[in-house]
file protein.txt (compact mmCIF, C-alpha atoms)
# COMPACT_ATOMS: atom_id res chain seq x y z
CA MET A 1 10.54 -197.05 -182.11
CA GLU A 2 8.92 -199.67 -184.26
CA VAL A 3 6.41 -198.17 -186.69
CA SER A 4 3.60 -200.65 -187.22
CA GLU A 5 0.82 -200.05 -189.72
CA PRO A 6 -1.57 -198.50 -187.17
CA VAL A 7 1.16 -196.18 -185.89
CA LEU A 8 2.06 -195.20 -189.44
CA LEU A 9 -1.57 -194.38 -190.19
CA ILE A 10 -1.84 -192.30 -187.01
CA LEU A 11 1.28 -190.36 -188.00
CA LEU A 12 -0.01 -189.84 -191.54
CA SER A 13 -3.27 -188.58 -190.14
CA LEU A 14 -1.47 -186.04 -187.98
CA ALA A 15 0.91 -185.09 -190.80
CA GLU A 16 -1.99 -183.45 -192.61
CA GLN A 17 -3.28 -181.39 -189.68
CA PRO A 18 -3.62 -181.56 -185.88
CA ARG A 19 -6.44 -183.89 -184.89
CA HIS A 20 -8.17 -185.09 -181.71
CA GLY A 21 -8.61 -188.76 -180.78
CA TYR A 22 -11.88 -189.53 -182.50
CA ALA A 23 -10.88 -187.67 -185.67
CA ILE A 24 -7.73 -189.83 -185.86
CA LEU A 25 -9.85 -192.99 -185.60
CA GLN A 26 -12.11 -191.80 -188.42
CA ASP A 27 -9.20 -190.71 -190.58
CA THR A 28 -7.24 -193.98 -190.23
CA GLU A 29 -10.34 -195.91 -191.23
CA ARG A 30 -10.89 -193.67 -194.23
CA MET A 31 -7.24 -193.83 -195.32
CA SER A 32 -7.19 -197.63 -195.25
CA ASP A 33 -10.62 -197.95 -196.93
CA GLY A 34 -12.12 -199.35 -193.75
CA ARG A 35 -9.51 -202.08 -193.45
CA VAL A 36 -7.80 -200.79 -190.33
CA ARG A 37 -10.20 -199.94 -187.55
CA LEU A 38 -8.26 -198.99 -184.47
CA SER A 39 -9.79 -199.49 -181.07
CA THR A 40 -9.61 -196.65 -178.59
CA GLY A 41 -7.24 -198.69 -176.40
CA THR A 42 -4.83 -199.27 -179.29
CA LEU A 43 -5.00 -195.61 -180.33
CA TYR A 44 -4.15 -194.27 -176.88
CA GLY A 45 -1.45 -196.88 -176.37
CA ALA A 46 0.21 -195.61 -179.56
CA LEU A 47 -0.41 -191.92 -178.75
CA GLY A 48 1.15 -192.41 -175.31
CA ARG A 49 4.29 -193.93 -176.79
CA LEU A 50 4.54 -191.26 -179.51
CA LEU A 51 4.17 -188.52 -176.88
CA GLU A 52 6.87 -190.10 -174.74
CA ASP A 53 9.27 -190.30 -177.68
CA ARG A 54 8.32 -186.71 -178.67
CA TRP A 55 7.12 -187.64 -182.14
CA ILE A 56 3.89 -185.80 -181.38
CA GLU A 57 2.75 -183.15 -178.90
CA ARG A 58 -0.50 -181.95 -177.41
CA CYS A 59 -2.28 -178.85 -178.60
CA LYS A 60 -5.76 -177.41 -178.18
CA GLU A 61 -8.24 -177.79 -180.97
CA GLN A 62 -8.80 -174.35 -182.40
CA ASP A 63 -11.84 -174.41 -184.63
CA ARG A 64 -14.22 -175.79 -182.00
CA SER A 65 -15.67 -174.17 -178.92
CA ARG A 66 -15.19 -177.40 -176.94
CA GLY A 67 -11.41 -177.04 -177.09
CA ARG A 68 -10.78 -180.76 -177.09
CA GLN A 69 -7.33 -182.21 -176.67
CA ALA A 70 -5.68 -182.48 -180.08
CA TYR A 71 -2.32 -183.81 -181.20
CA ARG A 72 0.17 -182.66 -183.81
CA LEU A 73 3.50 -183.85 -185.17
CA THR A 74 6.67 -182.34 -183.73
CA THR A 75 9.52 -181.34 -186.02
CA GLU A 76 11.36 -184.46 -184.92
CA GLY A 77 8.27 -186.55 -185.53
CA ARG A 78 7.89 -185.23 -189.06
CA ARG A 79 11.54 -185.96 -189.78
CA ASN A 80 11.18 -189.50 -188.43
CA LEU A 81 8.06 -189.99 -190.51
CA GLN A 82 9.89 -188.89 -193.65
CA MET A 83 12.65 -191.38 -192.88
CA GLU A 84 10.07 -194.10 -192.37
CA VAL A 85 8.42 -193.24 -195.70
CA SER A 86 11.74 -193.41 -197.57
CA ARG A 87 12.41 -196.77 -195.90
CA LEU A 88 9.05 -198.02 -197.15
CA LYS A 89 9.73 -196.62 -200.61
CA HIS A 90 12.96 -198.56 -200.74
CA LEU A 91 11.20 -201.71 -199.58
CA MET A 92 8.50 -201.23 -202.23
CA ARG A 93 11.10 -200.81 -204.96
CA LEU A 94 12.86 -203.94 -203.80
CA ALA A 95 9.60 -205.88 -203.62
CA THR A 96 8.54 -204.80 -207.10
CA LEU A 97 11.92 -205.81 -208.55
CA ARG A 98 11.99 -209.18 -206.85
CA VAL A 99 8.43 -210.12 -207.71
CA ALA A 100 8.89 -209.10 -211.35
CA ARG A 101 12.13 -211.05 -211.66
CA LYS A 102 10.51 -214.21 -210.33
CA GLU A 103 7.70 -214.13 -212.87
CA THR A 104 9.75 -213.56 -216.04
CA MET B 1 -21.67 -200.47 -172.81
CA LEU B 2 -19.91 -197.33 -171.64
CA ARG B 3 -20.12 -198.70 -168.11
CA LEU B 4 -18.22 -201.79 -169.23
CA TYR B 5 -15.56 -199.63 -170.89
CA ARG B 6 -15.29 -197.51 -167.76
CA SER B 7 -14.77 -200.59 -165.59
CA ILE B 8 -12.07 -201.88 -167.96
CA LEU B 9 -10.41 -198.45 -167.73
CA TYR B 10 -10.00 -199.12 -164.00
CA LEU B 11 -7.60 -201.91 -164.94
CA TYR B 12 -5.16 -199.34 -166.33
CA PRO B 13 -2.40 -197.93 -164.09
CA ALA B 14 -3.79 -194.99 -162.12
CA ALA B 15 -1.33 -192.49 -163.60
CA TYR B 16 -2.26 -193.48 -167.14
CA ARG B 17 -5.95 -193.31 -166.32
CA GLY B 18 -5.51 -189.84 -164.88
CA GLU B 19 -3.76 -188.68 -168.01
CA TYR B 20 -5.91 -190.22 -170.72
CA GLY B 21 -8.98 -191.67 -168.96
CA ASP B 22 -11.45 -188.83 -169.57
CA GLU B 23 -10.29 -188.36 -173.13
CA MET B 24 -10.60 -192.05 -173.88
CA LEU B 25 -14.12 -192.14 -172.44
CA GLU B 26 -15.04 -189.20 -174.64
CA VAL B 27 -13.74 -191.01 -177.73
CA LEU B 28 -15.49 -194.23 -176.67
CA SER B 29 -18.81 -192.43 -176.31
CA GLU B 30 -18.36 -190.93 -179.78
CA VAL B 31 -17.59 -194.38 -181.23
CA GLN B 32 -20.64 -195.68 -179.38
CA ALA B 33 -22.85 -192.94 -180.81
CA GLU B 34 -21.60 -193.69 -184.32
CA THR B 35 -22.22 -197.44 -184.15
CA ARG B 36 -25.77 -196.91 -182.89
CA LYS B 37 -26.85 -196.46 -186.52
CA LYS B 38 -25.31 -199.75 -187.63
CA SER B 39 -26.57 -203.34 -187.57
CA ALA B 40 -26.54 -205.48 -184.43
CA LEU B 41 -23.67 -207.60 -185.75
CA ALA B 42 -21.56 -204.53 -186.47
CA ARG B 43 -22.33 -203.22 -182.97
CA ILE B 44 -21.23 -206.49 -181.37
CA GLY B 45 -18.07 -206.53 -183.48
CA CYS B 46 -17.30 -202.95 -182.49
CA ALA B 47 -17.93 -203.57 -178.79
CA ALA B 48 -15.70 -206.68 -178.87
CA ARG B 49 -12.94 -204.73 -180.63
CA GLU B 50 -13.12 -201.83 -178.18
CA ALA B 51 -13.26 -204.06 -175.09
CA GLY B 52 -10.43 -206.23 -176.41
CA GLY B 53 -8.36 -203.19 -177.31
CA LEU B 54 -8.83 -201.73 -173.84
CA LEU B 55 -7.94 -205.00 -172.10
CA TYR B 56 -4.85 -205.41 -174.24
CA GLY B 57 -3.91 -201.76 -173.70
CA ALA B 58 -4.26 -202.12 -169.92
CA LEU B 59 -2.05 -205.19 -169.91
CA GLU B 60 0.53 -203.48 -172.09
CA GLU B 61 0.60 -200.33 -169.94
CA HIS B 62 1.21 -202.39 -166.81
CA LEU B 63 4.00 -204.32 -168.53
CA HIS B 64 5.42 -201.06 -169.87
CA ARG B 65 5.51 -199.66 -166.35
CA PHE B 66 6.99 -202.90 -165.07
CA THR B 67 9.72 -203.30 -167.68
CA GLY B 68 10.12 -199.68 -168.74
CA ARG B 69 10.04 -200.74 -172.34
CA HIS B 70 7.87 -199.36 -175.09
CA ASP B 71 6.68 -202.57 -176.63
CA GLY B 72 5.28 -203.76 -173.34
CA GLY B 73 8.19 -206.04 -172.61
CA ARG B 74 8.04 -209.51 -173.94
CA PHE B 75 4.29 -209.74 -174.01
CA SER B 76 3.70 -208.29 -177.46
CA SER B 77 6.55 -210.36 -178.87
CA MET B 78 4.56 -213.45 -177.97
CA PHE B 79 1.98 -212.33 -180.52
CA PRO B 80 3.87 -211.96 -183.80
CA GLY B 81 3.38 -208.58 -185.40
CA GLY B 82 1.17 -207.39 -182.57
CA ARG B 83 -1.72 -208.86 -184.44
CA PHE B 84 -3.72 -209.17 -181.29
CA ALA B 85 -3.87 -205.40 -180.95
CA MET B 86 -4.31 -204.40 -184.57
CA ARG B 87 -6.87 -206.89 -185.71
CA SER B 88 -8.21 -204.72 -188.46
CA GLU B 89 -11.74 -205.93 -188.91
CA PHE B 90 -14.19 -208.44 -187.56
CA ARG B 91 -13.43 -211.97 -188.69
CA PHE B 92 -15.32 -215.12 -187.98
CA PRO B 93 -13.40 -216.86 -185.16
CA LYS B 94 -12.97 -220.27 -186.77
CA ALA B 95 -10.28 -221.45 -184.36
CA THR B 96 -12.37 -220.52 -181.33
CA VAL B 97 -15.42 -222.35 -182.63
CA GLY B 98 -13.25 -225.39 -183.41
CA LEU B 99 -11.80 -225.35 -179.91
CA MET B 100 -15.27 -225.01 -178.40
CA LEU B 101 -16.47 -228.03 -180.40
CA VAL B 102 -13.52 -230.07 -179.12
CA ILE B 103 -14.28 -229.02 -175.55
CA LEU B 104 -17.96 -229.85 -176.05
CA ALA B 105 -17.05 -233.29 -177.36
CA ALA B 106 -14.75 -233.82 -174.39
CA VAL B 107 -17.51 -232.80 -171.97
CA MET B 108 -20.00 -235.17 -173.66
CA PHE B 109 -17.47 -237.97 -173.50
CA THR B 110 -16.84 -237.25 -169.83
CA ILE B 111 -20.55 -237.33 -169.05
CA GLU B 112 -20.95 -240.65 -170.85
CA LYS B 113 -17.96 -242.02 -169.00
CA ALA B 114 -19.35 -240.80 -165.71
CA LYS B 115 -22.67 -242.49 -166.44
CA ALA B 116 -20.85 -245.73 -167.14
CA ILE B 117 -18.93 -245.40 -163.90
CA SER B 118 -22.01 -244.64 -161.85
CA ALA B 119 -23.78 -247.62 -163.43
CA SER B 120 -20.88 -249.91 -162.57
CA ILE B 121 -20.86 -248.85 -158.91
CA PRO B 122 -23.41 -250.81 -156.87
CA HIS B 123 -26.18 -248.68 -155.44
CA GLY B 124 -26.26 -247.71 -151.82
CA ASN B 125 -23.27 -246.48 -149.88
CA PRO B 126 -20.17 -248.33 -150.96
CA PRO B 127 -17.91 -249.31 -148.10
CA VAL B 128 -15.28 -246.73 -147.34
CA GLY B 129 -11.87 -247.60 -148.70
CA HIS B 130 -13.22 -249.70 -151.48
CA ILE B 131 -12.22 -248.19 -154.83
CA HIS B 132 -13.74 -249.42 -158.03
CA PRO B 133 -11.17 -250.09 -160.81
CA SER B 134 -12.82 -247.59 -163.15
CA GLN B 135 -12.26 -244.83 -160.58
CA VAL B 136 -8.57 -245.61 -160.52
CA THR B 137 -8.18 -245.26 -164.28
CA ILE B 138 -9.90 -241.88 -164.55
CA LEU B 139 -7.22 -239.89 -162.73
CA PRO B 140 -4.25 -240.93 -164.89
CA MET B 141 -6.39 -240.36 -167.97
CA LEU B 142 -7.24 -236.86 -166.80
CA LEU B 143 -3.57 -236.17 -166.15
CA LEU B 144 -2.62 -237.53 -169.55
CA THR B 145 -5.21 -235.31 -171.24
CA MET B 146 -3.93 -232.25 -169.40
CA ILE B 147 -0.32 -233.02 -170.22
CA SER B 148 -1.10 -233.53 -173.91
CA ALA B 149 -3.09 -230.28 -173.99
CA VAL B 150 -0.18 -228.36 -172.47
CA GLY B 151 2.18 -230.12 -174.90
CA ALA B 152 0.04 -229.14 -177.88
CA GLY B 153 0.02 -225.53 -176.63
CA VAL B 154 3.79 -225.46 -176.25
CA ILE B 155 4.32 -226.98 -179.71
CA SER B 156 2.00 -224.52 -181.44
CA TRP B 157 3.64 -221.63 -179.61
CA ALA B 158 7.04 -222.93 -180.75
CA VAL B 159 5.79 -223.13 -184.34
CA LEU B 160 4.53 -219.54 -184.17
CA PHE B 161 7.80 -218.42 -182.65
CA ALA B 162 9.83 -220.23 -185.31
CA LEU B 163 7.72 -218.66 -188.06
CA ARG B 164 8.29 -215.26 -186.54
CA ARG B 165 12.02 -215.80 -186.25
CA SER B 166 12.30 -217.00 -189.83
CA GLY B 167 10.12 -214.45 -191.60
CA ILE B 168 9.21 -211.25 -189.88
CA GLN B 169 12.37 -210.95 -187.85
CA GLN B 170 14.62 -211.20 -190.88
CA LEU B 171 12.56 -208.63 -192.71
CA SER B 172 12.85 -206.15 -189.85
CA GLU B 173 16.55 -206.81 -189.54
CA MET B 174 17.05 -206.16 -193.23
CA ASN B 175 15.16 -202.89 -193.38
CA PRO B 176 17.20 -200.46 -191.26
CA SER B 177 20.48 -201.04 -193.08
CA SER B 178 18.96 -200.89 -196.54
CA GLY B 179 16.79 -197.93 -195.50
CA GLN B 180 19.82 -195.98 -194.44
CA SER B 181 21.59 -196.45 -197.73
CA SER B 182 18.60 -195.11 -199.61
CA ARG B 183 18.47 -192.06 -197.39
CA LYS B 184 21.91 -190.92 -198.38

call {"tool": "encode", "arguments": {"input": "protein.txt", "output": "structure tokens"}}
result
Amino acid sequence: MEVSEPVLLILLSLAEQPRHGYAILQDTERMSDGRVRLSTGTLYGALGRLLEDRWIERCKEQDRSRGRQAYRLTTEGRRNLQMEVSRLKHLMRLATLRVARKET
Amino acid sequence: MLRLYRSILYLYPAAYRGEYGDEMLEVLSEVQAETRKKSALARIGCAAREAGGLLYGALEEHLHRFTGRHDGGRFSSMFPGGRFAMRSEFRFPKATVGLMLVILAAVMFTIEKAKAISASIPHGNPPVGHIHPSQVTILPMLLLTMISAVGAGVISWAVLFALRRSGIQQLSEMNPSSGQSSRK
């Protein structure tokens, strides 16, 4: 599946620890310094797709009495995320090289 | 506001609503509670983002169900980069205001034209079957305006599509092969 910036931020948020919907929204905003503010509709569209592709799975939130629905990365999801990160690393290296070469 | 969100949620496919509906409402109420502390402008921006996100999500879920594809079929490919869904922050809608000004000008022009027409028609009931020349010219003009508007829309869509093909597409085509080589 195509990993857009919002999806990447959602995955990164879940890579740290399992989170419920609203916590993901807060975390993505914090990670991007307030630049990316996901709407609830966008978040659940992405979560639905990630669940279908088994990148993430449902789990119950443990530290709260409310027991809200939380999500966590699956093993496959973590592996895919690592691949995505190495792809981005490669792209960054390429971008840095090309931009530097143009200027000198 | 929550009532509006709830009514938009009814636009989602029933199965999706059953699965995520309550959870989404819970998140929406938390977002709502958080924005209550902010300024009126921020609240409006947030409400517009949430309502827009829900509408877009509903459309995409229906298309997903219809086509069985993850990216909502062709719909999201009409908006390059899915920008419609991931608009990151509130921006002043310059294009919309420009379009509204054009429409306003067109309406004013139409009213003026209509006044001129009504002035040129003699008062009292005109005989049936008699058509004033100015009434004959208005219909082709209207058609011409509509055709040119549709044409402008098609051209701008083509430009967007061409831009997407030339830039973003090539970038995404390049990545997987180069990404794989770096993995090994």

call {"tool": "closest_residue", "arguments": {"input": "protein.txt", "among": "A:Ala46, A:Ala100, A:Gly34, A:Gly41", "to": "Ser4 (chain A)", "atoms": "all atoms listed in the file"}}
result
A:Ala46

call {"tool": "residues_around", "arguments": {"input": "protein.txt", "residues": "region 18-25 of chain A", "least_positions_apart": "2", "cutoff": "6 Å", "atoms": "only C-alpha atoms", "output": "ChimeraX atom specification"}}
result
/A:14,27-28,69-72 /B:27

call {"tool": "write_last_selection", "arguments": {"input": "protein.txt", "atoms": "C-alpha atoms", "output": "tab-separated table (two decimals), keeping the file's coordinate frame"}}
result
chain	number	residue	atom	x	y	z
A	14	LEU	CA	-1.47	-186.04	-187.98
A	27	ASP	CA	-9.20	-190.71	-190.58
A	28	THR	CA	-7.24	-193.98	-190.23
A	69	GLN	CA	-7.33	-182.21	-176.67
A	70	ALA	CA	-5.68	-182.48	-180.08
A	71	TYR	CA	-2.32	-183.81	-181.20
A	72	ARG	CA	0.17	-182.66	-183.81
B	27	VAL	CA	-13.74	-191.01	-177.73

call {"tool": "residues_around", "arguments": {"input": "protein.txt", "residues": "Pro6 (chain A)", "least_positions_apart": "5", "cutoff": "9 Å", "atoms": "all atoms listed in the file", "output": "list in words"}}
result
Leu11, Thr28, Val36, Arg37, Leu38, Thr42, Leu43 and Ala46 of chain A; Met86 of chain B

call {"tool": "atom_distance", "arguments": {"input": "protein.txt", "atom1": "CA of Glu26 (chain B)", "atom2": "CA of Cys46 (chain B)"}}
result
16.0 Å

call {"tool": "atom_distance", "arguments": {"input": "protein.txt", "atom1": "CA of Met24 (chain B)", "atom2": "CA of Ala15 (chain A)"}}
result
21.6 Å

call {"tool": "closest_residue", "arguments": {"input": "protein.txt", "among": "A:Arg78, A:Arg68, A:Arg30, A:Arg98", "to": "chain B", "atoms": "only C-alpha atoms"}}
result
A:Arg68

call {"tool": "closest_residue", "arguments": {"input": "protein.txt", "among": "A:Glu57, A:Glu76, A:Ser13, A:Glu52", "to": "chain B", "atoms": "all atoms listed in the file"}}
result
A:Glu52

call {"tool": "axis_aligned_box", "arguments": {"input": "protein.txt", "around": "region 140-148 of chain B", "padding_each_side": "4 Å", "output": "JSON"}}
result
{"center_x": -3.8, "center_y": -236.6, "center_z": -169.4, "size_x": 14.9, "size_y": 16.7, "size_z": 17.0}

call {"tool": "closest_residue", "arguments": {"input": "protein.txt", "among": "A:Arg87, A:Arg101, A:Arg93, A:Lys60", "to": "chain B", "atoms": "all atoms listed in the file"}}
result
A:Arg87

call {"tool": "atom_distance", "arguments": {"input": "protein.txt", "atom1": "CA of Gly48 (chain A)", "atom2": "CA of Thr75 (chain A)"}}
result
17.5 Å

call {"tool": "closest_residue", "arguments": {"input": "protein.txt", "among": "B:Gly21, B:Ala106, B:Arg164, B:Thr145", "to": "chain A", "atoms": "only C-alpha atoms"}}
result
B:Gly21

call {"tool": "closest_residue", "arguments": {"input": "protein.txt", "among": "B:Phe109, B:Tyr16, B:Phe66, B:Phe161", "to": "chain A", "atoms": "all atoms listed in the file"}}
result
B:Tyr16
